[in-house]
>>> print(open('input-v6.pdb').read())   # PDB, C-alpha atoms
MODEL        1
ATOM      1  CA  MET A  25      -3.436 -14.117  11.747
ATOM      2  CA  TYR A  26      -0.411 -11.821  11.717
ATOM      3  CA  LYS A  27       1.209 -14.013   9.051
ATOM      4  CA  ILE A  28      -1.862 -13.719   6.797
ATOM      5  CA  PHE A  29      -1.872  -9.931   7.219
ATOM      6  CA  LYS A  30       1.838  -9.581   6.596
ATOM      7  CA  GLU A  31       1.782 -11.732   3.452
ATOM      8  CA  ASN A  32      -1.368 -10.112   2.051
ATOM      9  CA  ASN A  33      -1.242  -6.503   3.251
ATOM     10  CA  ILE A  34      -1.734  -4.958  -0.211
ATOM     11  CA  GLN A  35      -4.603  -7.319  -0.963
ATOM     12  CA  ILE A  36      -6.192  -6.555   2.415
ATOM     13  CA  PHE A  37      -5.803  -2.817   1.773
ATOM     14  CA  ARG A  38      -7.535  -3.256  -1.599
ATOM     15  CA  PHE A  39     -10.281  -5.299   0.090
ATOM     16  CA  ILE A  40     -10.896  -2.466   2.573
ATOM     17  CA  VAL A  41     -10.886   0.209  -0.158
ATOM     18  CA  SER A  42     -13.248  -1.809  -2.356
ATOM     19  CA  GLY A  43     -15.552  -2.298   0.634
ATOM     20  CA  LEU A  44     -15.629   1.435   1.272
ATOM     21  CA  ILE A  45     -16.369   2.153  -2.399
ATOM     22  CA  ALA A  46     -19.118  -0.493  -2.439
ATOM     23  CA  THR A  47     -20.615   1.035   0.703
ATOM     24  CA  ILE A  48     -20.653   4.488  -0.894
ATOM     25  CA  ILE A  49     -22.346   3.066  -4.003
ATOM     26  CA  ASN A  50     -24.843   1.251  -1.770
ATOM     27  CA  PHE A  51     -25.724   4.510  -0.027
ATOM     28  CA  LEU A  52     -25.894   6.616  -3.206
ATOM     29  CA  VAL A  53     -28.219   4.147  -4.936
ATOM     30  CA  TYR A  54     -30.280   3.789  -1.749
ATOM     31  CA  LYS A  55     -30.640   7.556  -1.420
ATOM     32  CA  SER A  56     -31.411   8.077  -5.121
ATOM     33  CA  VAL A  57     -34.081   5.373  -5.264
ATOM     34  CA  TYR A  58     -35.624   6.621  -2.050
ATOM     35  CA  LEU A  59     -35.719  10.247  -3.241
ATOM     36  CA  ILE A  60     -37.272   9.254  -6.575
ATOM     37  CA  LEU A  61     -39.724   6.519  -5.516
ATOM     38  CA  LYS A  62     -40.170   7.152  -1.764
ATOM     39  CA  ASP A  63     -40.022   3.378  -1.162
ATOM     40  CA  ILE A  64     -37.551   2.515   1.595
ATOM     41  CA  ILE A  65     -37.733  -1.260   1.058
ATOM     42  CA  LEU A  66     -36.998  -0.987  -2.663
ATOM     43  CA  ALA A  67     -34.320   1.625  -1.962
ATOM     44  CA  SER A  68     -32.682  -0.607   0.650
ATOM     45  CA  PHE A  69     -32.763  -3.669  -1.606
ATOM     46  CA  THR A  70     -31.440  -1.898  -4.711
ATOM     47  CA  GLY A  71     -28.763  -0.062  -2.741
ATOM     48  CA  TYR A  72     -27.531  -3.239  -1.074
ATOM     49  CA  SER A  73     -27.682  -5.207  -4.326
ATOM     50  CA  SER A  74     -25.733  -2.514  -6.192
ATOM     51  CA  GLY A  75     -23.060  -2.424  -3.507
ATOM     52  CA  LEU A  76     -22.818  -6.213  -3.450
ATOM     53  CA  LEU A  77     -22.499  -6.442  -7.230
ATOM     54  CA  PHE A  78     -19.857  -3.708  -7.311
ATOM     55  CA  SER A  79     -17.988  -5.405  -4.456
ATOM     56  CA  PHE A  80     -18.000  -8.689  -6.394
ATOM     57  CA  ILE A  81     -16.656  -7.035  -9.551
ATOM     58  CA  LEU A  82     -13.913  -5.180  -7.660
ATOM     59  CA  SER A  83     -12.988  -8.314  -5.714
ATOM     60  CA  LYS A  84     -12.699 -10.402  -8.873
ATOM     61  CA  ILE A  85     -10.798  -7.846 -10.954
ATOM     62  CA  TRP A  86      -8.807  -5.703  -8.509
ATOM     63  CA  VAL A  87      -8.567  -7.275  -5.039
ATOM     64  CA  PHE A  88      -7.951 -10.948  -5.848
ATOM     65  CA  ARG A  89      -7.145 -10.545  -9.567
ATOM     66  CA  ASP A  90      -9.031 -13.724 -10.395
ATOM     67  CA  LYS A  91      -8.266 -15.026 -13.868
ATOM     68  CA  SER A  92     -10.041 -18.359 -13.502
ATOM     69  CA  LYS A  93     -12.531 -19.529 -16.076
ATOM     70  CA  LYS A  94     -15.251 -20.206 -13.474
ATOM     71  CA  ARG A  95     -18.727 -19.335 -14.591
ATOM     72  CA  ILE A  96     -19.531 -15.807 -13.478
ATOM     73  CA  VAL A  97     -23.029 -16.659 -12.221
ATOM     74  CA  LYS A  98     -21.713 -19.538 -10.085
ATOM     75  CA  SER A  99     -18.961 -17.303  -8.696
ATOM     76  CA  PHE A 100     -21.475 -14.568  -7.853
ATOM     77  CA  ILE A 101     -23.749 -17.050  -6.055
ATOM     78  CA  ILE A 102     -20.819 -18.312  -3.962
ATOM     79  CA  PHE A 103     -19.833 -14.690  -3.257
ATOM     80  CA  CYS A 104     -23.391 -13.944  -2.076
ATOM     81  CA  LEU A 105     -23.379 -17.023   0.179
ATOM     82  CA  ILE A 106     -20.072 -15.980   1.748
ATOM     83  CA  TYR A 107     -21.408 -12.467   2.373
ATOM     84  CA  PHE A 108     -24.743 -13.827   3.668
ATOM     85  CA  LEU A 109     -22.824 -15.919   6.209
ATOM     86  CA  GLY A 110     -20.832 -12.810   7.161
ATOM     87  CA  GLY A 111     -24.064 -10.864   7.678
ATOM     88  CA  LEU A 112     -25.486 -13.655   9.812
ATOM     89  CA  GLU A 113     -22.311 -13.794  11.915
ATOM     90  CA  MET A 114     -22.384 -10.017  12.259
ATOM     91  CA  SER A 115     -25.970 -10.090  13.536
ATOM     92  CA  ILE A 116     -25.208 -12.815  16.083
ATOM     93  CA  ILE A 117     -22.077 -11.019  17.332
ATOM     94  CA  ILE A 118     -23.964  -7.711  17.619
ATOM     95  CA  ILE A 119     -26.697  -9.325  19.708
ATOM     96  CA  PHE A 120     -24.206 -11.152  21.935
ATOM     97  CA  VAL A 121     -21.806  -8.222  22.489
ATOM     98  CA  ASN A 122     -24.640  -5.748  23.032
ATOM     99  CA  GLN A 123     -26.126  -8.002  25.730
ATOM    100  CA  LEU A 124     -22.684  -8.346  27.297
ATOM    101  CA  LEU A 125     -21.609  -4.677  27.166
ATOM    102  CA  ASN A 126     -24.914  -2.877  26.570
ATOM    103  CA  ASP A 127     -23.261  -0.696  23.909
ATOM    104  CA  TYR A 128     -24.693  -1.012  20.410
ATOM    105  CA  LYS A 129     -21.836   0.931  18.784
ATOM    106  CA  ILE A 130     -19.095  -1.327  20.131
ATOM    107  CA  ALA A 131     -21.303  -4.329  19.355
ATOM    108  CA  TRP A 132     -21.557  -3.156  15.740
ATOM    109  CA  LEU A 133     -17.771  -2.720  15.489
ATOM    110  CA  PHE A 134     -17.144  -6.260  16.742
ATOM    111  CA  GLY A 135     -19.790  -7.615  14.389
ATOM    112  CA  ALA A 136     -18.371  -5.716  11.423
ATOM    113  CA  LEU A 137     -14.871  -6.996  12.211
ATOM    114  CA  ILE A 138     -16.027 -10.621  12.292
ATOM    115  CA  ALA A 139     -18.090 -10.197   9.109
ATOM    116  CA  SER A 140     -15.154  -8.546   7.326
ATOM    117  CA  LEU A 141     -12.824 -11.370   8.344
ATOM    118  CA  ASN A 142     -15.364 -13.922   7.119
ATOM    119  CA  ASN A 143     -15.814 -12.096   3.815
ATOM    120  CA  TYR A 144     -12.094 -11.676   3.169
ATOM    121  CA  LEU A 145     -11.081 -15.202   4.164
ATOM    122  CA  GLY A 146     -14.050 -16.783   2.381
ATOM    123  CA  SER A 147     -13.331 -14.836  -0.791
ATOM    124  CA  LYS A 148      -9.608 -15.539  -0.644
ATOM    125  CA  TYR A 149      -9.638 -19.224   0.288
ATOM    126  CA  ILE A 150     -12.938 -20.450  -1.173
ATOM    127  CA  LEU A 151     -13.987 -18.303  -4.099
ATOM    128  CA  PHE A 152     -10.853 -16.690  -5.520
ATOM    129  CA  LYS A 153      -8.280 -19.211  -4.316
ATOM    130  CA  ASP A 154      -5.202 -19.447  -6.503
TER     131      ASP A 154
ENDMDL
END
>>> encode(input="input-v6.pdb", output="structure tokens")
Amino acid sequence: MYKIFKENNIQIFRFIVSGLIATIINFLVYKSVYLILKDIILASFTGYSSGLLFSFILSKIWVFRDKSKKRIVKSFIIFCLIYFLGGLEMSIIIIFVNQLLNDYKIAWLFGALIASLNNYLGSKYILFKD
């Protein structure tokens, strides 16, 4: 793991920054839709979708600098599957760690770490592989 970090530290930094930007976009869209329409389900869905789409665009252009000629729709579907798996792993880890430690905050941190690793490695070695 250290070798991967050392060889890809700039790319990992960009991945973290793009994730933070996508999260901010997610929240801003969520908040805006909720304030305008007062529908938390629609706000949650549109916020998450906006963040996911922005994350995909940043990952393709800035993080992994993908210049492949893959079809954009196919790439986005694979990206969504990778992130869905990360979300599933995160949920499982949160449940397990919370039962073990009875601390939902630490459980969330462990879950987020595992999901982030899944998302980075899946994007790097499956979707945007050189």
>>> resolve_selection(input="input-v6.pdb", expression="the PyMOL selection byres ((chain A and resi 46) around 7)", output="number ranges by chain")
A: 42-45, 47-50, 75-76, 78-79
>>> residues_around(input="input-v6.pdb", residues="A:Thr70", least_positions_apart="5", cutoff="8 Å", atoms="all atoms listed in the file", output="NGL selection string")
:A and (50 or 53-54 or 57)
>>> closest_residue(input="input-v6.pdb", among="A:Leu133, A:Asp127, A:Ile101, A:Phe88", to="A:Tyr149", atoms="only C-alpha atoms")
A:Phe88
>>> atom_distance(input="input-v6.pdb", atom1="atom CA of A:Tyr128", atom2="atom CA of A:Ser56")
27.9 Å
>>> atom_distance(input="input-v6.pdb", atom1="atom CA of A:Ile96", atom2="atom CA of A:Leu137")
27.6 Å
>>> residues_near_point(input="input-v6.pdb", point="(-21.9, -5.5, 14.4)", cutoff="7 Å", atoms="only C-alpha atoms", output="PyMOL selection string")
chain A and resi 114-115+117-118+131-136
>>> closest_residue(input="input-v6.pdb", among="A:Leu77, A:Ser83, A:Phe37, A:Phe51", to="A:Lys153", atoms="only C-alpha atoms")
A:Ser83
